[in-house]
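Below: model-v2.cif (mmCIF, C-alpha atoms and all ligand atoms)
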data_structure
#
loop_
_atom_site.label_atom_id
_atom_site.label_comp_id
_atom_site.auth_asym_id
_atom_site.auth_seq_id
_atom_site.Cartn_x
_atom_site.Cartn_y
_atom_site.Cartn_z
CA MET A 1 180.23 23.92 72.21
CA ILE A 2 178.60 20.62 73.08
CA PRO A 3 175.02 20.26 71.72
CA THR A 4 172.27 20.18 74.34
CA ILE A 5 169.34 18.88 72.31
CA ALA A 6 168.54 17.81 68.75
CA TRP A 7 165.79 16.17 66.75
CA LYS A 8 167.25 12.83 65.62
CA GLY A 9 165.13 10.72 63.30
CA GLY A 10 161.99 9.98 65.25
CA ALA A 11 163.47 10.91 68.63
CA VAL A 12 164.39 13.91 70.75
CA CYS A 13 168.02 13.42 71.70
CA MET A 14 169.04 15.29 74.84
CA LEU A 15 172.22 15.49 76.88
CA ASP A 16 171.51 14.13 80.37
CA GLN A 17 172.90 17.05 82.39
CA THR A 18 172.44 15.22 85.70
CA LYS A 19 175.44 13.08 84.70
CA LEU A 20 177.77 16.03 84.07
CA PRO A 21 180.62 16.68 84.58
CA THR A 22 181.71 13.08 85.07
CA GLU A 23 179.85 11.49 82.13
CA VAL A 24 178.63 12.81 78.78
CA VAL A 25 175.50 10.76 78.08
CA TYR A 26 172.79 11.45 75.49
CA VAL A 27 169.28 10.04 75.91
CA ASP A 28 166.96 9.35 72.96
CA CYS A 29 163.41 10.21 74.02
CA LEU A 30 161.07 8.17 71.86
CA ASP A 31 157.82 9.64 73.18
CA TYR A 32 156.65 12.93 74.66
CA LYS A 33 156.27 11.47 78.16
CA THR A 34 160.01 10.74 78.25
CA VAL A 35 160.70 14.32 77.13
CA ALA A 36 158.45 15.50 80.00
CA LYS A 37 160.36 13.27 82.44
CA GLY A 38 163.63 14.76 81.16
CA ILE A 39 162.33 18.25 81.89
CA LYS A 40 161.09 17.35 85.37
CA GLU A 41 164.22 15.43 86.36
CA LEU A 42 166.62 18.10 84.99
CA TRP A 43 168.20 15.97 82.27
CA ILE A 44 167.51 19.16 80.35
CA ARG A 45 167.22 22.43 82.23
CA GLY A 46 167.66 26.17 81.77
CA ALA A 47 164.71 28.19 80.51
CA PRO A 48 165.46 28.30 76.75
CA ALA A 49 166.49 24.62 76.63
CA ILE A 50 163.29 23.65 78.47
CA GLY A 51 161.33 25.56 75.81
CA ILE A 52 163.13 23.78 72.97
CA ALA A 53 162.53 20.39 74.64
CA ALA A 54 158.83 21.21 75.04
CA ALA A 55 158.49 22.24 71.37
CA MET A 56 160.18 19.00 70.31
CA GLY A 57 158.00 17.08 72.78
CA VAL A 58 154.87 18.48 71.12
CA ALA A 59 156.25 17.55 67.67
CA LEU A 60 157.00 14.05 68.96
CA ALA A 61 153.50 13.67 70.40
CA ALA A 62 152.07 14.75 67.04
CA GLN A 63 153.84 11.90 65.24
CA ASP A 64 151.94 9.26 67.25
CA ILE A 65 148.47 10.76 66.73
CA LYS A 66 146.13 8.78 64.52
CA ALA A 67 143.60 11.17 63.01
CA LYS A 68 142.09 11.79 59.60
CA ASP A 69 140.93 15.37 60.16
CA PHE A 70 142.49 18.41 61.84
CA GLU A 71 139.89 18.72 64.65
CA THR A 72 140.55 15.16 65.87
CA PHE A 73 144.30 15.65 65.48
CA TYR A 74 144.32 18.89 67.48
CA LYS A 75 142.04 17.49 70.18
CA ARG A 76 144.49 14.61 70.64
CA LEU A 77 147.50 16.93 70.75
CA ILE A 78 146.16 18.97 73.69
CA PRO A 79 146.66 16.34 76.46
CA ALA A 80 150.33 16.05 75.44
CA CYS A 81 150.67 19.84 75.60
CA GLU A 82 149.10 19.88 79.06
CA HIS A 83 151.33 17.06 80.29
CA LEU A 84 154.48 18.84 79.09
CA ALA A 85 153.30 22.15 80.61
CA ALA A 86 152.82 20.51 84.02
CA GLN A 87 156.48 19.59 84.54
CA ARG A 88 158.03 22.83 85.88
CA PRO A 89 156.26 26.09 86.78
CA THR A 90 158.81 28.92 86.74
CA ALA A 91 160.50 29.15 83.32
CA VAL A 92 157.97 30.81 81.04
CA ASN A 93 159.69 29.36 77.95
CA LEU A 94 157.97 26.06 78.63
CA PHE A 95 154.54 27.63 78.16
CA TRP A 96 155.73 29.98 75.42
CA ALA A 97 157.06 27.09 73.31
CA ILE A 98 153.96 24.93 73.76
CA GLU A 99 151.73 27.87 72.84
CA ARG A 100 153.88 28.55 69.79
CA MET A 101 153.48 24.93 68.62
CA LYS A 102 149.71 25.00 69.18
CA THR A 103 149.37 28.31 67.34
CA PHE A 104 151.47 26.92 64.48
CA ALA A 105 149.25 23.84 64.20
CA LEU A 106 146.10 25.99 64.14
CA ALA A 107 147.58 28.26 61.48
CA HIS A 108 148.18 25.24 59.23
CA LYS A 109 144.94 23.37 59.84
CA GLY A 110 144.33 23.13 56.08
CA GLU A 111 147.38 20.88 55.56
CA LYS A 112 147.14 17.11 55.19
CA ILE A 113 147.78 15.52 58.62
CA ALA A 114 150.94 13.73 57.38
CA ARG A 115 152.37 17.04 56.12
CA LEU A 116 151.35 18.89 59.29
CA LYS A 117 153.25 16.34 61.36
CA GLU A 118 156.39 17.07 59.32
CA MET A 119 155.82 20.80 59.62
CA LEU A 120 155.59 20.55 63.40
CA ILE A 121 159.03 18.92 63.47
CA GLU A 122 160.35 21.76 61.29
CA GLU A 123 158.80 24.35 63.62
CA ALA A 124 160.36 22.71 66.70
CA GLU A 125 163.74 22.73 64.96
CA ARG A 126 163.21 26.44 64.23
CA VAL A 127 162.68 27.07 67.96
CA LEU A 128 166.18 25.62 68.42
CA THR A 129 167.94 27.47 65.60
CA GLU A 130 166.26 30.79 66.40
CA ASP A 131 167.37 30.44 70.02
CA ILE A 132 171.02 30.21 68.97
CA ALA A 133 170.66 33.34 66.79
CA VAL A 134 168.91 35.17 69.65
CA ASN A 135 171.75 34.30 72.02
CA ARG A 136 174.32 35.55 69.54
CA ALA A 137 172.44 38.90 69.37
CA ILE A 138 172.34 39.08 73.19
CA GLY A 139 176.10 38.59 73.07
CA GLU A 140 176.57 41.49 70.64
CA TYR A 141 174.49 43.86 72.80
CA GLY A 142 175.97 42.60 76.06
CA ALA A 143 179.66 42.69 75.13
CA GLN A 144 179.60 46.54 75.25
CA PHE A 145 179.33 46.29 79.06
CA ILE A 146 182.51 44.20 79.35
CA ARG A 147 185.91 45.92 79.35
CA ASP A 148 189.27 44.39 78.63
CA GLY A 149 190.53 42.79 81.87
CA ASP A 150 187.12 42.47 83.56
CA THR A 151 186.17 39.67 85.93
CA ILE A 152 182.53 38.62 85.61
CA LEU A 153 180.51 36.78 88.23
CA THR A 154 177.75 34.44 87.08
CA HIS A 155 175.26 32.31 88.99
CA CYS A 156 173.77 28.95 88.03
CA ASN A 157 174.19 27.92 84.40
CA ALA A 158 172.85 30.25 81.74
CA GLY A 159 175.36 28.95 79.26
CA SER A 160 175.31 26.83 76.16
CA LEU A 161 173.91 23.90 78.14
CA ALA A 162 170.87 25.94 79.22
CA THR A 163 169.99 26.93 75.65
CA GLY A 164 170.12 25.72 72.06
CA GLY A 165 173.75 26.89 72.09
CA TYR A 166 176.00 29.87 72.96
CA GLY A 167 174.10 30.61 76.19
CA THR A 168 172.44 33.82 77.35
CA ALA A 169 174.59 35.06 80.26
CA THR A 170 177.65 33.54 78.60
CA ALA A 171 176.93 35.13 75.20
CA PRO A 172 178.35 38.59 76.09
CA MET A 173 181.42 36.83 77.52
CA ARG A 174 181.90 34.82 74.33
CA VAL A 175 181.53 37.90 72.09
CA ALA A 176 183.86 39.94 74.34
CA ILE A 177 186.50 37.24 73.90
CA GLU A 178 185.93 37.25 70.13
CA GLN A 179 186.51 41.03 70.27
CA GLY A 180 189.91 40.37 71.83
CA LYS A 181 189.05 41.35 75.40
CA ARG A 182 190.77 39.38 78.14
CA ILE A 183 188.18 38.34 80.70
CA LYS A 184 187.90 36.09 83.73
CA VAL A 185 184.72 34.42 84.96
CA PHE A 186 183.83 33.55 88.55
CA ALA A 187 181.16 30.84 88.70
CA ASP A 188 179.05 30.43 91.84
CA GLU A 189 178.69 26.71 92.54
CA THR A 190 174.90 27.20 92.95
CA ARG A 191 173.61 25.00 95.73
CA PRO A 192 171.72 22.73 95.95
CA VAL A 193 171.88 21.27 92.41
CA LEU A 194 175.31 22.71 91.63
CA GLN A 195 174.62 23.96 88.10
CA GLY A 196 177.52 26.40 88.49
CA ALA A 197 180.05 23.79 89.55
CA ARG A 198 178.88 20.89 87.41
CA LEU A 199 177.80 22.77 84.29
CA THR A 200 179.11 26.35 84.00
CA ALA A 201 182.64 25.54 85.16
CA TRP A 202 182.64 22.49 82.88
CA GLU A 203 181.36 24.18 79.73
CA LEU A 204 183.61 27.24 80.10
CA MET A 205 186.62 24.99 80.61
CA GLN A 206 185.63 22.99 77.52
CA ASP A 207 185.66 26.26 75.58
CA GLY A 208 188.98 27.46 77.03
CA ILE A 209 187.43 30.36 79.00
CA ASP A 210 189.24 31.36 82.21
CA VAL A 211 186.85 30.27 84.99
CA THR A 212 187.25 30.17 88.77
CA LEU A 213 184.73 28.18 90.79
CA ILE A 214 183.61 29.63 94.14
CA THR A 215 181.00 28.52 96.65
CA ASP A 216 177.91 30.72 96.83
CA ASN A 217 178.89 32.27 100.15
CA MET A 218 182.20 33.58 98.75
CA ALA A 219 180.75 36.13 96.32
CA GLY A 220 180.62 38.97 98.89
CA TYR A 221 184.22 38.29 99.93
CA PHE A 222 185.50 38.74 96.38
CA MET A 223 183.30 41.78 95.73
CA LYS A 224 184.60 43.51 98.86
CA LYS A 225 188.17 42.86 97.70
CA GLY A 226 187.34 44.57 94.38
CA GLU A 227 187.84 41.39 92.39
CA ILE A 228 184.46 41.34 90.61
CA ASP A 229 183.74 44.02 87.99
CA LEU A 230 180.25 43.01 86.93
CA ALA A 231 177.71 40.20 87.25
CA ILE A 232 175.71 38.63 84.41
CA VAL A 233 172.97 36.07 85.07
CA GLY A 234 170.17 34.46 83.10
CA THR A 235 166.44 34.49 83.79
CA ASP A 236 163.54 32.06 83.84
CA ARG A 237 160.90 34.74 83.68
CA THR A 238 161.07 38.52 83.39
CA VAL A 239 157.81 40.34 84.02
CA ARG A 240 156.23 43.68 83.12
CA ASN A 241 157.68 45.72 86.00
CA GLY A 242 161.21 44.44 85.24
CA ASP A 243 161.40 41.93 88.11
CA VAL A 244 163.30 38.77 87.23
CA ALA A 245 163.04 35.18 88.48
CA ASN A 246 166.23 33.16 88.26
CA LYS A 247 167.98 30.38 90.16
CA ILE A 248 167.81 30.60 93.95
CA GLY A 249 170.64 32.80 95.20
CA THR A 250 170.44 35.28 92.32
CA TYR A 251 168.67 37.81 94.57
CA SER A 252 171.52 37.61 97.10
CA VAL A 253 174.07 38.25 94.34
CA ALA A 254 172.07 41.28 93.13
CA VAL A 255 171.84 42.77 96.63
CA LEU A 256 175.57 42.24 97.13
CA CYS A 257 176.27 43.95 93.80
CA LYS A 258 174.21 46.97 94.84
CA GLU A 259 176.11 47.24 98.14
CA HIS A 260 179.44 47.16 96.32
CA GLY A 261 178.46 49.37 93.37
CA ILE A 262 178.89 46.53 90.89
CA PRO A 263 176.66 46.50 87.77
CA PHE A 264 174.22 43.59 87.71
CA TYR A 265 173.04 42.50 84.23
CA VAL A 266 170.35 40.03 83.24
CA ALA A 267 170.58 38.31 79.85
CA ALA A 268 167.00 37.68 78.72
CA PRO A 269 165.83 36.35 75.38
CA THR A 270 162.34 37.73 74.71
CA SER A 271 161.06 34.14 74.98
CA THR A 272 161.61 34.50 78.74
CA ILE A 273 159.66 37.75 78.98
CA ASP A 274 156.12 37.44 80.31
CA LEU A 275 154.47 40.82 79.78
CA GLY A 276 151.17 39.27 80.85
CA MET A 277 152.41 39.18 84.45
CA ALA A 278 152.55 42.51 86.29
CA SER A 279 155.03 41.83 89.09
CA GLY A 280 157.65 39.33 90.24
CA ASP A 281 155.53 38.59 93.32
CA LEU A 282 153.18 36.66 91.02
CA ILE A 283 155.80 34.36 89.51
CA PRO A 284 155.20 30.73 90.54
CA ILE A 285 158.31 29.47 92.33
CA GLU A 286 159.08 25.78 92.00
CA GLU A 287 159.60 23.92 95.27
CA ARG A 288 161.77 20.85 94.74
CA GLY A 289 162.36 17.71 96.80
CA SER A 290 164.14 17.88 100.18
CA HIS A 291 166.69 15.27 99.08
CA GLU A 292 168.40 17.94 96.93
CA VAL A 293 169.30 19.76 100.17
CA THR A 294 169.93 16.85 102.54
CA GLU A 295 171.93 14.63 100.20
CA VAL A 296 174.69 15.06 97.65
CA PHE A 297 173.17 13.43 94.57
CA GLY A 298 171.75 10.53 96.61
CA LYS A 299 175.28 9.50 97.55
CA VAL A 300 176.18 11.27 100.79
CA CYS A 301 173.77 12.36 103.50
CA ILE A 302 174.70 15.83 104.82
CA ALA A 303 171.84 16.55 107.23
CA PRO A 304 170.15 14.77 110.12
CA GLY A 305 167.37 12.39 109.08
CA GLY A 306 163.91 13.91 109.43
CA VAL A 307 165.09 17.54 109.47
CA LYS A 308 162.59 20.04 108.05
CA VAL A 309 163.77 21.38 104.68
CA ALA A 310 162.75 24.22 102.37
CA ASN A 311 163.93 24.06 98.76
CA PRO A 312 162.66 26.87 96.54
CA ALA A 313 164.45 26.46 93.20
CA PHE A 314 164.19 30.14 92.19
CA ASP A 315 164.00 33.61 93.69
CA VAL A 316 162.88 36.96 92.36
CA THR A 317 165.26 39.89 91.96
CA PRO A 318 163.34 43.18 92.05
CA ALA A 319 163.92 45.52 89.10
CA ARG A 320 165.65 48.13 91.30
CA TYR A 321 168.72 45.89 91.64
CA ILE A 322 169.11 45.37 87.90
CA THR A 323 171.39 47.66 85.87
CA SER A 324 170.15 46.48 82.51
CA ILE A 325 168.22 43.63 80.89
CA ILE A 326 170.01 42.49 77.75
CA THR A 327 167.72 41.02 75.09
CA GLU A 328 168.23 40.16 71.42
CA LYS A 329 166.51 43.48 70.64
CA GLY A 330 168.87 45.60 72.71
CA ALA A 331 169.68 46.38 76.34
CA PHE A 332 166.86 47.94 78.38
CA HIS A 333 166.48 49.61 81.72
CA PRO A 334 164.19 47.19 83.63
CA ARG A 335 161.35 49.73 83.73
CA ASP A 336 161.45 49.91 79.91
CA ILE A 337 161.07 46.19 79.33
CA ARG A 338 157.32 46.69 78.92
CA LYS A 339 158.04 48.83 75.85
CA LEU A 340 159.54 45.89 73.98
CA GLY A 341 156.46 45.62 71.85
CA TYR A 342 156.90 42.03 70.75
CA LYS A 343 153.76 40.04 70.09
CA LYS A 344 152.53 38.86 73.46
CA VAL A 345 151.45 35.22 73.52
CA ASP A 346 148.40 34.46 75.63
CA LEU A 347 149.79 32.01 78.14
CA GLY A 348 146.58 31.78 80.14
CA ALA A 349 145.55 28.44 78.68
CA VAL A 350 148.80 26.66 79.43
CA ARG A 351 150.04 28.42 82.56
CA MET A 352 150.75 25.79 85.20
CA LYS A 353 148.92 26.14 88.47
CA VAL A 354 150.96 25.74 91.65
O1 LIG B 401 166.72 24.73 87.63
P1 LIG B 401 167.42 25.14 86.36
O2 LIG B 401 168.78 24.54 86.22
O3 LIG B 401 166.54 24.91 85.15
O4 LIG B 401 167.61 26.71 86.51
C1 LIG B 401 168.24 27.41 85.46
C2 LIG B 401 168.43 28.85 85.73
O5 LIG B 401 168.05 29.37 86.74
C3 LIG B 401 169.04 29.67 84.61
O6 LIG B 401 169.80 30.71 85.12
C4 LIG B 401 167.91 30.25 83.75
O7 LIG B 401 167.04 29.23 83.32
C5 LIG B 401 168.43 30.96 82.55
S1 LIG B 401 169.12 29.84 81.37
C6 LIG B 401 169.65 30.72 80.04
#
Go ahead and express the file in the form of C-alpha cells.
Amino acid sequence: MIPTIAWKGGAVCMLDQTKLPTEVVYVDCLDYKTVAKGIKELWIRGAPAIGIAAAMGVALAAQDIKAKDFETFYKRLIPACEHLAAQRPTAVNLFWAIERMKTFALAHKGEKIARLKEMLIEEAERVLTEDIAVNRAIGEYGAQFIRDGDTILTHCNAGSLATGGYGTATAPMRVAIEQGKRIKVFADETRPVLQGARLTAWELMQDGIDVTLITDNMAGYFMKKGEIDLAIVGTDRTVRNGDVANKIGTYSVAVLCKEHGIPFYVAAPTSTIDLGMASGDLIPIEERGSHEVTEVFGKVCIAPGGVKVANPAFDVTPARYITSIITEKGAFHPRDIRKLGYKKVDLGAVRMKV
C-alpha cells in the first residue's frame, strides 16, 4: 500500500492525489498554510486522511511559534487551528483532529515549550498510526458480511489513499481476501472529481485486487442483472440518527440497493461520528467550483461557456437505507450508533460555518 501522508523531518509529506493515476508525486509542506492548501485543493482528501493532515498541520504550526510561556504559545496556535478548520466543511475528522491536538496541548501545559512542540509531533503521528489500526479493526468486523465469490460495489475512494492506510470501505475487502475469499470489486468512477476512477481503481490494481471500473450511471444496470452482491462505502460524517454524509452519488447508490434488495454498508471509524449533530439535514455540504463539472481537469471543456452549474461535493444517505454501520468497535444498526458511548469531543469551537 502506497503511503498517503507522513511526518518527515520538519515537514508534512503528502502524496498529491490530484496527479494520480498518471504521476506519483509527494509534496513536502513546510508550513501549516501549505498543509491547509493541500486539504482545500484535494492533494490530500478522504475524511480520515484530512484529519491526519490537520493534526500534522497543527504540529507544524506549533514548531514555528516563538513563546516562552504556555498561554502565549496556545494563543498563537489558535489562528493556525482556525485556518486549517476553514478549508473543508463536511468531513468531521478535520474538526475532530484539530480539537484533539488543542486538547492535548492543554493537557500538557506544564511542559517546557520545546518539549511540548515535540510532543505535538508525536501526537499527530499517533493520529496516523491509530487510524491504520482502526481501519484494520473495521476490516475484521466488516469481512463477516462478505461471502466467497461476492462482488462488491464501492463509490468514491474510501481506500488506503483516503486514510493513514488500509482504507475504511476497502478494509473488509482486504480482510476477506486475507481469509481466502475470492471477491470482485466494482468501482464507480465518481463524477466530477473521479476519485473512483483515478484513485480506487488505481490503488486496488496496485494491490492486485480484482476491480472493474464503471461509470456512475451503470450501477443500476449491474444491480438489476444480479451482478452486485453488496455495497460498501465510506463516510465523511455520521450523525446521531444514523444518517451519513459521503461523496455525492452515494445516496443514489443506497436507493438503488434498497430497490434491488442489496445490503448497503457504511464503513465508519468513530473519528467520523458526530454525535453532537442530531440529523443528516444539518450536515454542512461543501459546494465546489463549477470548473469541476464543466471541464475535465482544466484540459477539456465539456459544457457550454456560461452554463449555470451546481456542484455539491457530498450528499446525505438517510439511516433507513443503511444495513449496517461498521466501526472499529463493531457493526451497528444505524439507529444504535448513538449508543457507541465514546467520549464526545465538543466540536462547537472549531465547527466551520457555511
Ligand atoms: O472529496 P473527497 O475526495 O475528500 O471525498 C471523500 C469521500 O467522500 C470518502 O468516501 C469519505 O471521505 C470516506 S474516506 C475513508
May I have a table of the residues of chain A lying at most 7 Å from ligand LIG 401 (chain B), giving each one's closest pair of atoms and their distance in Å to one decimal, counting all atoms listed in the file, ordered by chain and ascending residue number, as a tab-separated table?
residue	atom	partner	partner_atom	distance
A:Leu42	CA	B:LIG401	O3	6.8
A:Arg45	CA	B:LIG401	O3	3.9
A:Gly46	CA	B:LIG401	O7	3.5
A:Ala47	CA	B:LIG401	O7	3.8
A:Pro48	CA	B:LIG401	C6	5.9
A:Ala91	CA	B:LIG401	O7	6.5
A:His155	CA	B:LIG401	O6	6.9
A:Cys156	CA	B:LIG401	O6	5.2
A:Asn157	CA	B:LIG401	O6	5.3
A:Ala158	CA	B:LIG401	C6	3.7
A:Gly159	CA	B:LIG401	C6	6.0
A:Ala162	CA	B:LIG401	S1	4.8
A:Thr163	CA	B:LIG401	C6	5.8
A:Gly167	CA	B:LIG401	C6	5.9
A:Thr168	CA	B:LIG401	C6	5.0
A:Ala169	CA	B:LIG401	C6	6.6
A:Gln195	CA	B:LIG401	O2	6.2
A:Val233	CA	B:LIG401	O6	6.2
A:Gly234	CA	B:LIG401	C5	3.9
A:Thr235	CA	B:LIG401	C5	4.2
A:Asp236	CA	B:LIG401	O7	4.5
A:Asn246	CA	B:LIG401	O5	4.5
A:Lys247	CA	B:LIG401	O5	3.6
A:Ala313	CA	B:LIG401	O1	6.3
A:Phe314	CA	B:LIG401	O5	6.7
Output C-alpha atoms of each residue in that selection to a file, as a PDB file, in the frame of the given file.
ATOM      1  CA  LEU A  42     166.620  18.100  84.990  1.00  0.00           C
ATOM      2  CA  ARG A  45     167.220  22.430  82.230  1.00  0.00           C
ATOM      3  CA  GLY A  46     167.660  26.170  81.770  1.00  0.00           C
ATOM      4  CA  ALA A  47     164.710  28.190  80.510  1.00  0.00           C
ATOM      5  CA  PRO A  48     165.460  28.300  76.750  1.00  0.00           C
ATOM      6  CA  ALA A  91     160.500  29.150  83.320  1.00  0.00           C
ATOM      7  CA  HIS A 155     175.260  32.310  88.990  1.00  0.00           C
ATOM      8  CA  CYS A 156     173.770  28.950  88.030  1.00  0.00           C
ATOM      9  CA  ASN A 157     174.190  27.920  84.400  1.00  0.00           C
ATOM     10  CA  ALA A 158     172.850  30.250  81.740  1.00  0.00           C
ATOM     11  CA  GLY A 159     175.360  28.950  79.260  1.00  0.00           C
ATOM     12  CA  ALA A 162     170.870  25.940  79.220  1.00  0.00           C
ATOM     13  CA  THR A 163     169.990  26.930  75.650  1.00  0.00           C
ATOM     14  CA  GLY A 167     174.100  30.610  76.190  1.00  0.00           C
ATOM     15  CA  THR A 168     172.440  33.820  77.350  1.00  0.00           C
ATOM     16  CA  ALA A 169     174.590  35.060  80.260  1.00  0.00           C
ATOM     17  CA  GLN A 195     174.620  23.960  88.100  1.00  0.00           C
ATOM     18  CA  VAL A 233     172.970  36.070  85.070  1.00  0.00           C
ATOM     19  CA  GLY A 234     170.170  34.460  83.100  1.00  0.00           C
ATOM     20  CA  THR A 235     166.440  34.490  83.790  1.00  0.00           C
ATOM     21  CA  ASP A 236     163.540  32.060  83.840  1.00  0.00           C
ATOM     22  CA  ASN A 246     166.230  33.160  88.260  1.00  0.00           C
ATOM     23  CA  LYS A 247     167.980  30.380  90.160  1.00  0.00           C
ATOM     24  CA  ALA A 313     164.450  26.460  93.200  1.00  0.00           C
ATOM     25  CA  PHE A 314     164.190  30.140  92.190  1.00  0.00           C
TER      26      PHE A 314
END
### Query
Of the residues A:Pro89, A:Pro192, A:Pro269, A:Gly242, which is the one nearest to Thr294 in chain A, using all atoms listed in the file?
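So, comparing all the options, the nearest one is A:Pro192.
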### Query
Could you work out how far CA of His108 in chain A lies from CA of Ala59 in chain A, giving the answer in Å with one decimal?
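Interatomic distance, CA of Ala59 in chain A to CA of His108 in chain A: 14.0 Å.
The two atoms in question, CA of Tyr321 in chain A and CA of Lys258 in chain A, are spaced 6.4 Å apart.
Remark: for Lys19 in chain A, the closest of the candidate residues A:Val92, A:Ala124, A:Ala86, A:Val193 is A:Val193 (distances computed over all atoms listed in the file).
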### Message
Report as a ChimeraX atom specification all protein, DNA and RNA residues lying within 7 Å of Gly280 in chain A, evaluated on all atoms listed in the file, omitting residues in the same chain fewer than 6 positions from it.
### Response
/A:239,243-244,316
### Query
Quick one: residues within 12 Å of Met14 in chain A, all atoms listed in the file counted, chain neighbours fewer than 6 positions away excluded, as an NGL selection string?
:A and (2-8 or 24-30 or 34-39 or 42-45 or 49-50 or 52-54 or 56-57 or 161-164)
### Query
Which one is closest to Ser271 in chain A: A:Ala176, A:Leu94, A:Ala331, A:Leu116? Count only C-alpha atoms.
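Of all the options, A:Leu94 lies closest to Ser271 in chain A.
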### Query
Smallest atom-to-atom distance to Glu227 in chain A: which of A:Glu130, A:Glu41, A:Asp150, A:Asp336, using only C-alpha atoms?
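Smallest distance to Glu227 in chain A is found for A:Asp150.
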### Shell of 8 Å around Glu203 in chain A, only C-alpha atoms, local chain residues under 3 positions omitted, as a list in words
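Near Glu203 in chain A, the qualifying residues are Met1, Gly159, Ser160, Leu161, Leu199, Thr200, Gln206 and Asp207 of chain A.
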### Task
Between CA of Glu82 in chain A and CA of Met101 in chain A, measure the distance and give it in Å to one decimal.
12.4 Å
#### Entry: Spatial neighbours of His260 in chain A, max dist 12 Å, all atoms listed in the file, sep filter under 2 positions, as number ranges by chain
A: 219-231, 253-258, 262-264, 321
### Message
Quick one: residues within 7 Å of Ile322 in chain A, only C-alpha atoms, excluding same-chain residues fewer than 2 positions away - as a ChimeraX atom specification?
### Response
/A:264-265,319-320,324,334
### Query
Restricting the calculation to all atoms listed in the file, which member of A:Ala278, A:Ala268, A:Leu84, A:Ala197 is positioned closest to Tyr32 in chain A?
A:Leu84
#### Entry: Expected residue set, 10 Å radius at (157.1, 47.2, 77.8), all atoms listed in the file, as number ranges by chain
A: 239-242, 273, 275, 332, 334-342
#### Entry: Residue list as a PyMOL selection string for point (193.5, 37.0, 76.0), cut-off 12 Å, only C-alpha atoms
chain A and resi 148-150+174+176-184+208-210
